[in-house]
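Everything below belongs to data-v9.cif, which stores mmCIF, C-alpha atoms (C1' of nucleotides).
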```
data_coords
loop_
_atom_site.label_atom_id
_atom_site.label_comp_id
_atom_site.auth_asym_id
_atom_site.auth_seq_id
_atom_site.Cartn_x
_atom_site.Cartn_y
_atom_site.Cartn_z
CA MET P 13 -10.21 -10.77 -15.71
CA LEU P 14 -10.06 -12.04 -12.16
CA ASP P 15 -8.20 -15.01 -13.58
CA ALA P 16 -5.69 -12.64 -15.12
CA ALA P 17 -5.30 -10.89 -11.79
CA GLU P 18 -4.58 -14.22 -10.15
CA ARG P 19 -2.01 -15.08 -12.79
CA ALA P 20 -0.29 -11.73 -12.28
CA ILE P 21 -0.26 -12.21 -8.51
CA ARG P 22 1.12 -15.68 -8.90
CA ARG P 23 3.85 -14.39 -11.18
CA ASP P 24 4.82 -11.10 -9.54
CA GLY P 25 3.90 -11.69 -5.92
CA ALA P 26 1.41 -10.05 -3.62
CA GLY P 27 2.81 -6.57 -4.21
CA VAL P 28 1.78 -6.58 -7.84
CA SER P 29 0.64 -3.29 -9.37
CA ILE P 30 -2.62 -2.66 -11.18
CA ASP P 31 -0.63 -1.94 -14.31
CA ASP P 32 0.93 -5.37 -14.15
CA ILE P 33 -2.48 -6.95 -13.75
CA ALA P 34 -3.78 -4.98 -16.70
CA ARG P 35 -0.83 -6.05 -18.82
CA GLU P 36 -1.40 -9.66 -17.86
CA ALA P 37 -5.03 -9.31 -18.92
CA GLY P 38 -3.96 -7.77 -22.25
CA VAL P 39 -5.69 -4.47 -21.57
CA THR P 40 -4.84 -1.17 -19.94
CA LYS P 41 -5.39 0.14 -16.48
CA PRO P 42 -8.69 2.01 -16.90
CA ILE P 43 -10.28 -1.17 -18.23
CA VAL P 44 -9.40 -2.90 -15.02
CA TYR P 45 -10.94 -0.06 -13.09
CA ALA P 46 -14.07 -0.19 -15.22
CA GLN P 47 -14.48 -3.90 -14.72
CA VAL P 48 -13.52 -4.53 -11.12
CA GLY P 49 -13.25 -1.09 -9.52
CA LYS P 50 -10.44 0.00 -7.29
CA ARG P 51 -7.80 -2.15 -5.68
CA THR P 52 -9.85 -2.91 -2.60
CA THR P 53 -12.78 -4.08 -4.71
CA LEU P 54 -10.47 -6.37 -6.62
CA SER P 55 -9.10 -7.71 -3.38
CA ASP P 56 -12.60 -8.31 -2.10
CA ALA P 57 -13.53 -10.24 -5.21
CA LEU P 58 -10.40 -12.35 -5.03
CA ALA P 59 -10.96 -12.92 -1.33
CA GLN P 60 -14.42 -14.22 -2.15
CA ARG P 61 -13.00 -16.64 -4.69
CA LEU P 62 -10.37 -17.83 -2.27
CA ALA P 63 -12.95 -18.31 0.47
CA ASP P 64 -15.12 -20.30 -1.92
CA ARG P 65 -12.21 -22.52 -2.80
CA LEU P 66 -11.35 -23.09 0.83
CA VAL P 67 -14.91 -24.07 1.68
CA GLU P 68 -15.19 -26.18 -1.42
CA ALA P 69 -11.95 -28.03 -0.77
CA ALA P 70 -12.90 -28.58 2.85
CA LYS P 71 -16.25 -30.04 1.86
CA ARG P 72 -14.61 -32.36 -0.60
CA ALA P 73 -11.99 -33.42 1.92
CA ILE P 74 -14.37 -34.36 4.69
CA LYS P 75 -16.72 -36.33 2.49
CA LYS P 76 -14.52 -39.38 2.64
CA ARG P 77 -14.19 -39.34 6.41
CA ARG P 78 -16.62 -40.83 8.85
CA THR P 79 -15.91 -39.69 12.39
CA PRO P 80 -16.00 -36.06 13.48
CA ARG P 81 -12.40 -36.25 14.58
CA THR P 82 -11.07 -37.49 11.25
CA ARG P 83 -13.22 -34.96 9.48
CA LEU P 84 -11.58 -32.26 11.55
CA VAL P 85 -8.10 -33.43 10.57
CA ALA P 86 -9.13 -33.56 6.94
CA MET P 87 -10.54 -30.07 7.05
CA ILE P 88 -7.42 -28.62 8.61
CA ARG P 89 -5.17 -30.40 6.18
CA SER P 90 -7.29 -29.27 3.27
CA ASN P 91 -7.00 -25.71 4.51
CA LEU P 92 -3.23 -25.93 4.74
CA GLU P 93 -2.85 -27.38 1.31
CA THR P 94 -5.29 -25.05 -0.38
CA LEU P 95 -3.56 -22.02 1.05
CA ALA P 96 -0.18 -23.45 0.09
CA GLU P 97 -1.47 -23.76 -3.45
CA HIS P 98 -2.58 -20.13 -3.44
CA ARG P 99 0.15 -18.69 -1.29
CA GLU P 100 0.60 -15.38 -3.09
CA LEU P 101 -3.11 -14.88 -3.49
CA PHE P 102 -3.53 -15.45 0.22
CA LEU P 103 -0.87 -12.83 0.95
CA PHE P 104 -2.44 -10.46 -1.55
CA VAL P 105 -5.91 -10.52 -0.05
CA THR P 106 -4.68 -10.35 3.53
CA SER P 107 -2.38 -7.40 2.86
CA GLY P 108 -3.36 -3.86 1.98
CA SER P 109 -3.18 -0.96 4.31
CA SER P 110 -5.04 0.06 7.39
CA GLU P 111 -8.74 -0.17 8.02
CA ASP P 112 -9.41 -1.79 4.74
CA MET P 113 -7.39 -4.92 5.40
CA ALA P 114 -9.25 -5.49 8.65
CA GLN P 115 -12.56 -5.41 6.82
CA ARG P 116 -11.39 -7.79 4.15
CA THR P 117 -9.69 -10.19 6.51
CA LEU P 118 -12.85 -10.35 8.54
CA TYR P 119 -14.89 -10.88 5.43
CA LEU P 120 -12.64 -13.68 4.25
CA ALA P 121 -12.76 -15.18 7.70
CA GLY P 122 -16.50 -14.72 7.93
CA GLN P 123 -17.07 -16.58 4.69
CA SER P 124 -14.97 -19.51 5.77
CA ALA P 125 -16.45 -19.40 9.22
CA LYS P 126 -20.10 -19.30 8.29
CA PRO P 127 -20.54 -23.03 7.62
CA LEU P 128 -18.62 -23.80 10.77
CA ALA P 129 -20.71 -21.41 12.81
CA GLU P 130 -24.02 -22.68 11.54
CA GLN P 131 -23.11 -26.22 12.25
CA THR P 132 -21.63 -25.54 15.64
CA ALA P 133 -24.75 -23.60 16.62
CA ALA P 134 -26.97 -26.43 15.42
CA ALA P 135 -24.96 -29.08 17.20
CA ARG P 136 -24.94 -27.19 20.45
CA THR P 137 -28.63 -26.39 20.25
CA ALA P 138 -29.34 -30.05 19.59
CA THR P 139 -27.46 -31.06 22.70
CA GLY P 140 -29.09 -28.41 24.79
CA ARG P 141 -26.07 -26.14 25.16
CA ASP P 142 -25.62 -22.48 24.55
CA PRO P 143 -25.22 -21.81 20.80
CA ALA P 144 -24.04 -18.24 21.44
CA VAL P 145 -20.44 -19.35 21.32
CA ALA P 146 -20.74 -20.33 17.67
CA VAL P 147 -19.75 -17.05 16.03
CA ALA P 148 -16.79 -16.42 18.28
CA TRP P 149 -15.64 -19.99 17.85
CA SER P 150 -15.80 -19.74 14.09
CA TYR P 151 -13.60 -16.70 13.98
CA ALA P 152 -11.29 -18.35 16.46
CA ILE P 153 -10.90 -21.43 14.31
CA VAL P 154 -10.40 -19.48 11.12
CA GLY P 155 -7.82 -17.22 12.74
CA MET P 156 -6.05 -20.25 14.06
CA LEU P 157 -5.97 -21.89 10.66
CA ASN P 158 -4.78 -18.72 8.97
CA MET P 159 -1.91 -18.15 11.34
CA VAL P 160 -0.86 -21.77 11.32
CA SER P 161 -0.99 -21.77 7.55
CA LEU P 162 1.12 -18.66 7.34
CA TRP P 163 3.66 -20.15 9.73
CA TRP P 164 3.69 -23.46 7.97
CA LEU P 165 4.02 -21.86 4.53
CA THR P 166 6.80 -19.59 5.62
CA GLU P 167 8.85 -21.23 8.31
CA SER P 168 8.00 -24.83 8.87
CA ALA P 169 9.36 -27.85 7.10
CA GLU P 170 6.96 -30.33 8.63
CA PRO P 171 4.56 -32.18 6.37
CA ALA P 172 1.01 -30.90 6.27
CA GLU P 173 -0.23 -34.15 7.69
CA ARG P 174 1.70 -33.76 10.93
CA VAL P 175 0.72 -30.14 11.43
CA ALA P 176 -2.90 -30.97 10.77
CA ASP P 177 -2.73 -33.72 13.37
CA HIS P 178 -1.28 -31.40 15.97
CA ILE P 179 -3.82 -28.69 15.38
CA ALA P 180 -6.67 -31.15 15.33
CA GLU P 181 -5.60 -32.49 18.68
CA LEU P 182 -5.60 -29.01 20.18
CA LEU P 183 -8.92 -28.14 18.63
CA TRP P 184 -10.59 -31.40 19.48
CA SER P 185 -9.31 -32.16 22.95
CA GLY P 186 -8.25 -28.72 24.15
CA LEU P 187 -5.52 -27.70 26.50
CA GLY P 188 -7.38 -29.11 29.46
CA SER P 189 -7.26 -32.73 28.41
CA ASP P 190 -4.24 -33.04 30.62
CA SER P 191 -5.40 -31.28 33.74
CA SER P 192 -1.97 -30.51 35.13
CA GLN P 193 -1.11 -27.89 32.57
CA GLY P 194 -2.26 -24.35 31.78
CA PRO P 195 -0.83 -20.92 31.12
CA THR P 196 1.57 -19.45 33.60
CA MET T 234 10.54 8.75 18.73
CA LEU T 235 8.71 5.44 18.82
CA ASP T 236 6.34 7.11 21.26
CA ALA T 237 5.74 9.86 18.73
CA ALA T 238 5.06 7.25 16.08
CA GLU T 239 2.52 5.64 18.35
CA ARG T 240 0.83 8.96 19.00
CA ALA T 241 0.64 9.66 15.27
CA ILE T 242 -0.81 6.22 14.62
CA ARG T 243 -3.34 6.70 17.38
CA ARG T 244 -4.35 10.06 15.94
CA ASP T 245 -4.31 9.42 12.21
CA GLY T 246 -4.97 5.70 12.00
CA ALA T 247 -2.93 2.81 10.74
CA GLY T 248 -2.46 4.36 7.30
CA VAL T 249 -0.40 7.21 8.69
CA SER T 250 2.45 8.52 6.54
CA ILE T 251 6.06 8.89 7.59
CA ASP T 252 5.71 12.64 7.15
CA ASP T 253 2.88 12.67 9.66
CA ILE T 254 4.97 10.70 12.13
CA ALA T 255 7.87 13.08 11.63
CA ARG T 256 5.60 16.06 12.19
CA GLU T 257 4.26 14.50 15.36
CA ALA T 258 7.82 14.01 16.58
CA GLY T 259 8.63 17.66 15.78
CA VAL T 260 11.26 16.76 13.21
CA THR T 261 11.40 16.07 9.49
CA LYS T 262 11.33 12.87 7.51
CA PRO T 263 15.05 12.15 7.08
CA ILE T 264 15.48 12.29 10.86
CA VAL T 265 12.94 9.53 11.21
CA TYR T 266 14.81 7.52 8.63
CA ALA T 267 18.09 8.13 10.42
CA GLN T 268 16.72 7.02 13.76
CA VAL T 269 14.45 4.09 12.97
CA GLY T 270 15.17 3.21 9.37
CA LYS T 271 12.53 2.51 6.78
CA ARG T 272 8.88 1.87 7.36
CA THR T 273 9.25 -1.85 7.85
CA THR T 274 11.94 -1.33 10.49
CA LEU T 275 9.64 1.04 12.31
CA SER T 276 6.85 -1.49 12.11
CA ASP T 277 9.14 -4.17 13.46
CA ALA T 278 10.13 -2.02 16.41
CA LEU T 279 6.53 -1.16 17.20
CA ALA T 280 5.53 -4.80 16.83
CA GLN T 281 8.15 -5.68 19.41
CA ARG T 282 6.76 -3.12 21.83
CA LEU T 283 3.24 -4.36 21.29
CA ALA T 284 4.29 -7.96 21.79
CA ASP T 285 6.05 -7.01 25.00
CA ARG T 286 2.95 -5.28 26.27
CA LEU T 287 0.78 -8.25 25.43
CA VAL T 288 3.04 -10.65 27.26
CA GLU T 289 3.43 -8.27 30.17
CA ALA T 290 -0.30 -7.71 30.53
CA ALA T 291 -0.96 -11.43 30.28
CA LYS T 292 1.57 -12.17 33.00
CA ARG T 293 0.01 -9.58 35.27
CA ALA T 294 -3.49 -10.84 34.58
CA ILE T 295 -2.81 -14.46 35.41
CA LYS T 296 -0.97 -13.74 38.62
CA LYS T 297 -4.18 -13.33 40.55
CA ARG T 298 -5.70 -16.57 39.29
CA ARG T 299 -5.12 -19.98 40.73
CA THR T 300 -6.44 -22.68 38.44
CA PRO T 301 -5.16 -23.23 34.90
CA ARG T 302 -8.62 -22.70 33.54
CA THR T 303 -9.16 -19.31 35.17
CA ARG T 304 -5.65 -18.32 34.15
CA LEU T 305 -6.57 -19.12 30.58
CA VAL T 306 -9.67 -16.93 30.72
CA ALA T 307 -7.64 -14.13 32.25
CA MET T 308 -5.00 -14.37 29.57
CA ILE T 309 -7.52 -14.24 26.77
CA ARG T 310 -9.35 -11.34 28.29
CA SER T 311 -6.11 -9.51 28.85
CA ASN T 312 -5.24 -10.03 25.22
CA LEU T 313 -8.58 -8.65 24.06
CA GLU T 314 -8.37 -5.61 26.25
CA THR T 315 -4.75 -4.83 25.49
CA LEU T 316 -5.37 -4.98 21.77
CA ALA T 317 -8.49 -2.87 22.19
CA GLU T 318 -6.38 -0.30 23.94
CA HIS T 319 -3.90 -0.30 21.05
CA ARG T 320 -6.30 -0.90 18.21
CA GLU T 321 -4.68 1.33 15.61
CA LEU T 322 -1.21 0.19 16.54
CA PHE T 323 -2.34 -3.39 16.13
CA LEU T 324 -3.70 -2.59 12.69
CA PHE T 325 -0.53 -0.70 11.81
CA VAL T 326 1.85 -3.52 12.62
CA THR T 327 -0.30 -6.19 11.01
CA SER T 328 -0.73 -4.23 7.78
CA GLY T 329 1.92 -3.37 5.24
CA SER T 330 2.23 -4.92 1.86
CA SER T 331 3.13 -8.35 0.65
CA GLU T 332 5.93 -10.52 1.91
CA ASP T 333 6.90 -8.09 4.55
CA MET T 334 3.65 -8.26 6.48
CA ALA T 335 3.90 -12.03 6.67
CA GLN T 336 7.33 -11.78 8.25
CA ARG T 337 6.23 -9.21 10.78
CA THR T 338 2.98 -10.92 11.66
CA LEU T 339 4.89 -14.09 12.28
CA TYR T 340 7.43 -12.26 14.35
CA LEU T 341 4.73 -10.62 16.45
CA ALA T 342 3.04 -13.96 16.82
CA GLY T 343 6.30 -15.68 17.61
CA GLN T 344 7.07 -13.28 20.41
CA SER T 345 3.66 -13.74 22.00
CA ALA T 346 3.80 -17.43 21.40
CA LYS T 347 7.21 -18.14 22.83
CA PRO T 348 6.19 -18.26 26.50
CA LEU T 349 3.21 -20.36 25.60
CA ALA T 350 5.29 -22.74 23.56
CA GLU T 351 7.94 -23.19 26.20
CA GLN T 352 5.41 -23.93 28.85
CA THR T 353 3.33 -26.22 26.73
CA ALA T 354 6.41 -28.19 25.79
CA ALA T 355 7.48 -28.44 29.41
CA ALA T 356 4.06 -29.53 30.59
CA ARG T 357 3.75 -32.16 27.93
CA THR T 358 7.23 -33.46 28.52
CA ALA T 359 6.47 -33.65 32.23
CA THR T 360 3.39 -35.77 31.60
CA GLY T 361 5.20 -37.98 29.14
CA ARG T 362 3.54 -36.72 26.00
CA ASP T 363 4.94 -35.50 22.73
CA PRO T 364 6.17 -31.91 23.10
CA ALA T 365 6.51 -31.49 19.35
CA VAL T 366 3.06 -29.97 19.14
CA ALA T 367 4.12 -26.94 21.17
CA VAL T 368 5.26 -24.64 18.40
CA ALA T 369 2.29 -25.31 16.17
CA TRP T 370 -0.05 -24.88 19.11
CA SER T 371 1.46 -21.54 20.03
CA TYR T 372 0.96 -20.12 16.58
CA ALA T 373 -2.52 -21.57 16.56
CA ILE T 374 -3.45 -19.89 19.81
CA VAL T 375 -1.95 -16.56 18.84
CA GLY T 376 -3.71 -16.61 15.48
CA MET T 377 -6.93 -17.45 17.20
CA LEU T 378 -6.55 -14.58 19.63
CA ASN T 379 -5.61 -12.15 16.89
CA MET T 380 -8.58 -12.98 14.72
CA VAL T 381 -11.01 -12.99 17.61
CA SER T 382 -9.63 -9.67 18.76
CA LEU T 383 -9.98 -8.18 15.30
CA TRP T 384 -13.54 -9.43 15.09
CA TRP T 385 -14.41 -8.28 18.55
CA LEU T 386 -12.85 -4.85 18.01
CA THR T 387 -14.58 -4.34 14.71
CA GLU T 388 -17.91 -6.06 14.69
CA SER T 389 -18.93 -7.39 18.05
CA ALA T 390 -20.78 -5.62 20.79
CA GLU T 391 -20.33 -8.33 23.38
CA PRO T 392 -18.34 -7.58 26.52
CA ALA T 393 -14.77 -8.84 26.60
CA GLU T 394 -15.61 -11.07 29.53
CA ARG T 395 -18.16 -13.09 27.56
CA VAL T 396 -15.94 -13.49 24.52
CA ALA T 397 -13.04 -14.55 26.69
CA ASP T 398 -15.24 -17.16 28.34
CA HIS T 399 -16.34 -18.55 25.01
CA ILE T 400 -12.85 -18.78 23.62
CA ALA T 401 -11.49 -20.26 26.82
CA GLU T 402 -14.09 -22.97 26.67
CA LEU T 403 -13.10 -23.85 23.12
CA LEU T 404 -9.43 -23.77 23.91
CA TRP T 405 -9.72 -25.67 27.16
CA SER T 406 -12.28 -28.32 26.39
CA GLY T 407 -12.10 -28.50 22.61
CA LEU T 408 -14.74 -29.29 20.07
CA GLY T 409 -14.80 -32.91 21.11
CA SER T 410 -16.13 -32.38 24.58
CA ASP T 411 -19.54 -33.13 23.16
CA SER T 412 -18.87 -36.15 21.04
CA SER T 413 -21.88 -35.79 18.77
CA GLN T 414 -20.58 -32.79 16.91
CA GLY T 415 -17.85 -32.11 14.39
CA PRO T 416 -17.34 -30.45 11.03
CA THR T 417 -19.54 -31.43 8.15
"C1'" DG N 189 -20.41 4.97 -49.43
"C1'" DT N 190 -20.13 9.03 -46.31
"C1'" DC N 191 -21.08 11.52 -42.33
"C1'" DG N 192 -22.08 11.97 -37.59
"C1'" DA N 193 -22.95 10.11 -32.91
"C1'" DT N 194 -21.85 7.03 -29.37
"C1'" DA N 195 -19.36 3.70 -26.97
"C1'" DT N 196 -14.66 1.99 -26.00
"C1'" DC N 197 -9.93 2.08 -25.21
"C1'" DT N 198 -5.54 4.56 -24.49
"C1'" DT N 199 -2.52 8.04 -23.44
"C1'" DA N 200 -1.44 11.45 -20.28
"C1'" DC N 201 -1.96 13.51 -16.06
"C1'" DT N 202 -2.49 14.38 -10.84
"C1'" DG N 203 -1.63 13.68 -6.14
"C1'" DA N 204 0.44 11.17 -2.53
"C1'" DC N 205 3.95 8.65 -0.64
"C1'" DG N 206 8.44 6.11 0.40
"C1'" DG N 207 13.01 6.91 0.22
"C1'" DT N 208 17.37 9.71 -0.75
"C1'" DA N 209 20.70 13.25 -2.21
"C1'" DA N 210 22.02 17.78 -2.26
"C1'" DA N 211 22.01 22.09 0.15
"C1'" DT N 212 21.94 24.72 4.39
"C1'" DA N 213 22.13 25.97 9.19
"C1'" DC N 214 24.59 25.10 13.42
"C1'" DT N 215 28.39 24.08 16.59
"C1'" DA N 216 32.90 23.48 18.12
"C1'" DT N 217 37.66 24.44 17.72
"C1'" DG N 218 41.87 27.00 16.25
"C1'" DC L 176 36.79 35.34 12.59
"C1'" DA L 177 37.54 31.13 9.88
"C1'" DT L 178 37.14 26.49 9.00
"C1'" DA L 179 35.86 21.73 9.63
"C1'" DG L 180 32.44 18.68 10.62
"C1'" DT L 181 27.77 17.49 11.98
"C1'" DA L 182 22.83 17.87 12.30
"C1'" DT L 183 18.74 19.24 9.83
"C1'" DT L 184 16.04 20.69 6.08
"C1'" DT L 185 14.65 21.42 1.51
"C1'" DA L 186 14.24 19.56 -2.86
"C1'" DC L 187 14.05 15.85 -5.53
"C1'" DC L 188 13.18 10.98 -7.83
"C1'" DG L 189 10.56 6.92 -8.89
"C1'" DT L 190 6.42 4.48 -8.25
"C1'" DC L 191 1.80 3.71 -8.02
"C1'" DA L 192 -3.42 4.35 -7.38
"C1'" DG L 193 -6.93 6.55 -9.49
"C1'" DT L 194 -9.00 9.72 -13.22
"C1'" DA L 195 -9.80 12.93 -17.08
"C1'" DA L 196 -9.26 14.03 -21.61
"C1'" DG L 197 -8.12 12.61 -26.09
"C1'" DA L 198 -8.01 9.09 -29.83
"C1'" DT L 199 -10.13 5.20 -32.12
"C1'" DA L 200 -13.45 2.11 -33.45
"C1'" DT L 201 -18.38 0.81 -34.09
"C1'" DC L 202 -22.80 1.57 -35.88
"C1'" DG L 203 -26.88 3.76 -37.59
"C1'" DA L 204 -29.00 7.36 -40.99
"C1'" DC L 205 -29.24 8.98 -45.35
#
```
How would this structure read if it were set down as structure tokens?
Amino acid sequence: MLDAAERAIRRDGAGVSIDDIAREAGVTKPIVYAQVGKRTTLSDALAQRLADRLVEAAKRAIKKRRTPRTRLVAMIRSNLETLAEHRELFLFVTSGSSEDMAQRTLYLAGQSAKPLAEQTAAARTATGRDPAVAVAWSYAIVGMLNMVSLWWLTESAEPAERVADHIAELLWSGLGSDSSQGPT
Amino acid sequence: MLDAAERAIRRDGAGVSIDDIAREAGVTKPIVYAQVGKRTTLSDALAQRLADRLVEAAKRAIKKRRTPRTRLVAMIRSNLETLAEHRELFLFVTSGSSEDMAQRTLYLAGQSAKPLAEQTAAARTATGRDPAVAVAWSYAIVGMLNMVSLWWLTESAEPAERVADHIAELLWSGLGSDSSQGPT
DNA sequence: GTCGATATCTTACTGACGGTAAATACTATG
DNA sequence: CATAGTATTTACCGTCAGTAAGATATCGAC
């Protein structure tokens, strides 16, 4: 059923109607409602699947790399490519009106961010630094990746590799690595 | 008229209907359509205003600071507080279904990001480094700020000051400042 | 095999909303 | 007062989320 929903989204775009999804699943609307609840519930479930895939792909991607820096590049690139593969699904789960979208976006972000946060907290604790930044950092990184992905998917012609390199440099070395610059 | 729309959004939330906006403006629906066009046009116009305010507030905030690093903290904090002040408006312009929301989110981001991008490019050119990263970095930073703001507005109880400090540290020094960590 | 009960699916409906066309009130000019 | 033209409203259409009532199938009892 969720698979059918994904097929319908892939075919008809993020603005697909429940009726379309039902048709794609070979049933009628009330069946969809009985199985997955209202639209927001469906979105939540699909967001969960997407988050799982992102985390899964990231894990697979960084397994081959050895240094933290190359792992970072691999993770970013994996994120770009996974979202490119599920473009409409990504738009579907991040759309939806008002309060609800905020909740779901945060949930999606939170799922992706949790591994990052745990590890960042552990690493900082291990080196005797404040782990309190971990949660904020995780959301920051996920938000960054989401926006960059959206931009890359929609407006950029650069290869994923290049974009991933750029973002990794920012994320790894920061703006301060050249001390003469900063926001004006 | 746009002011009335903002009042309606503030009062009734991001899911406000055009009829509500018209009522708030003391007119009827077709007048709204005649003056600002369809819902997406309205959203675009309000996104522009919000972007202007963000840039304006950021400029004001960093004027008092001297070092790049403190300017960065001030900019982030200004972003958090400005979006907190316009929470519902922020949710309104970043919602909306499907393809359309992507366009507008990118536009909003692009507006906020433009000053950042120009300056980053200039600074990097001045120090003999590749300025090609500038555009990607701008979107990255804006996405980061948006997500952190959303999280902070919705789920965090920490003061803006602390969050701004955390994010500034990430953005200024990067993940690599302690070389033992990195994504797993 | 037939009848009745229960679970399952579908058709049909409601309410809300975005967007627009037709109707109406208003104003200016002769 | 009449008429032309404009501003505004009322009334409408199509679409869609969500649900209730009706139809159909399944299964047990006799």
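Applying a distance limit of 10 Å to all atoms listed in the file, the residues of chain T near chain L read Val260, Thr261, Lys262, Pro263 and Ile264 of chain T.
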Residues selected by the PyMOL selection byres ((chain T and resi 366) around 10), written as number ranges by chain: P: 174-175, 177-179, 181-182; T: 350, 353-354, 357, 362-365, 367-371
Report as a tab-separated table the residues of chain N within 10 Å of chain T, each with its shortest atom pair and distance in Å (one decimal), using only C-alpha atoms (C1' of nucleotides), ordered by chain and increasing residue number.
```
residue	atom	partner	partner_atom	distance
N:DA204	C1'	T:Ser250	CA	9.7
N:DC205	C1'	T:Ser250	CA	7.3
N:DG206	C1'	T:Ile251	CA	8.1
N:DG207	C1'	T:Lys271	CA	7.9
N:DT208	C1'	T:Pro263	CA	8.5
```
As AutoDock Vina command-line options: centre and edge lengths in Å, one decimal, of the axis-aligned box holding region 207-218 of chain N with 4 Å per side:
```
--center_x 27.4 --center_y 17.0 --center_z 7.9 --size_x 36.9 --size_y 28.1 --size_z 28.4
```
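What chain T places within 6 Å of chain P, counting only C-alpha atoms, is Ala247, Gly248, Pro301, Ser328, Gly329, Ser330, Ser331, Ala356, Val366, Tyr372, Ala373, Gly376, Met377, Met380, Val381, His399, Leu404, Trp405, Ser406, Gly407, Leu408, Gly409, Gln414 and Gly415 of chain T.
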One decimal, in Å: what's the spacing between CA of Ala16 (chain P) and CA of Ala37 (chain P)? 5.1 Å
CA of Gly361 (chain T) to CA of Ala346 (chain T) measures 22.0 Å
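If you look at CA of Arg23 (chain P) and CA of Thr52 (chain P), they are 19.8 Å away from each other.
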Reconstruct N, CA and C atoms of region 51-67 of chain P; output as a JSON list (two decimals), in the frame of the given file.
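Saved file rebuild26.json follows:
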```json
[["chain", "number", "residue", "atom", "x", "y", "z"],
["P", 51, "ARG", "N", -8.59, -1.03, -6.17],
["P", 51, "ARG", "CA", -7.80, -2.15, -5.68],
["P", 51, "ARG", "C", -8.53, -2.93, -4.59],
["P", 52, "THR", "N", -9.17, -2.22, -3.69],
["P", 52, "THR", "CA", -9.85, -2.91, -2.60],
["P", 52, "THR", "C", -10.99, -3.79, -3.11],
["P", 53, "THR", "N", -11.70, -3.29, -4.12],
["P", 53, "THR", "CA", -12.78, -4.08, -4.71],
["P", 53, "THR", "C", -12.23, -5.36, -5.33],
["P", 54, "LEU", "N", -11.12, -5.20, -6.03],
["P", 54, "LEU", "CA", -10.47, -6.37, -6.62],
["P", 54, "LEU", "C", -10.07, -7.36, -5.53],
["P", 55, "SER", "N", -9.49, -6.84, -4.48],
["P", 55, "SER", "CA", -9.10, -7.71, -3.38],
["P", 55, "SER", "C", -10.31, -8.43, -2.79],
["P", 56, "ASP", "N", -11.39, -7.69, -2.65],
["P", 56, "ASP", "CA", -12.60, -8.31, -2.10],
["P", 56, "ASP", "C", -13.06, -9.46, -2.98],
["P", 57, "ALA", "N", -13.07, -9.20, -4.29],
["P", 57, "ALA", "CA", -13.53, -10.24, -5.21],
["P", 57, "ALA", "C", -12.63, -11.47, -5.14],
["P", 58, "LEU", "N", -11.33, -11.23, -5.10],
["P", 58, "LEU", "CA", -10.40, -12.35, -5.03],
["P", 58, "LEU", "C", -10.52, -13.08, -3.69],
["P", 59, "ALA", "N", -10.77, -12.30, -2.64],
["P", 59, "ALA", "CA", -10.96, -12.92, -1.33],
["P", 59, "ALA", "C", -12.17, -13.85, -1.36],
["P", 60, "GLN", "N", -13.21, -13.39, -2.03],
["P", 60, "GLN", "CA", -14.42, -14.22, -2.15],
["P", 60, "GLN", "C", -14.10, -15.54, -2.85],
["P", 61, "ARG", "N", -13.36, -15.42, -3.97],
["P", 61, "ARG", "CA", -13.00, -16.64, -4.69],
["P", 61, "ARG", "C", -12.17, -17.57, -3.83],
["P", 62, "LEU", "N", -11.22, -17.00, -3.12],
["P", 62, "LEU", "CA", -10.37, -17.83, -2.27],
["P", 62, "LEU", "C", -11.19, -18.50, -1.17],
["P", 63, "ALA", "N", -12.10, -17.74, -0.58],
["P", 63, "ALA", "CA", -12.95, -18.31, 0.47],
["P", 63, "ALA", "C", -13.78, -19.46, -0.10],
["P", 64, "ASP", "N", -14.33, -19.24, -1.29],
["P", 64, "ASP", "CA", -15.12, -20.30, -1.92],
["P", 64, "ASP", "C", -14.28, -21.55, -2.10],
["P", 65, "ARG", "N", -13.05, -21.36, -2.57],
["P", 65, "ARG", "CA", -12.21, -22.52, -2.80],
["P", 65, "ARG", "C", -11.89, -23.24, -1.50],
["P", 66, "LEU", "N", -11.65, -22.47, -0.46],
["P", 66, "LEU", "CA", -11.35, -23.09, 0.83],
["P", 66, "LEU", "C", -12.52, -23.94, 1.30],
["P", 67, "VAL", "N", -13.72, -23.35, 1.22],
["P", 67, "VAL", "CA", -14.91, -24.07, 1.68],
["P", 67, "VAL", "C", -15.14, -25.29, 0.81]]
```
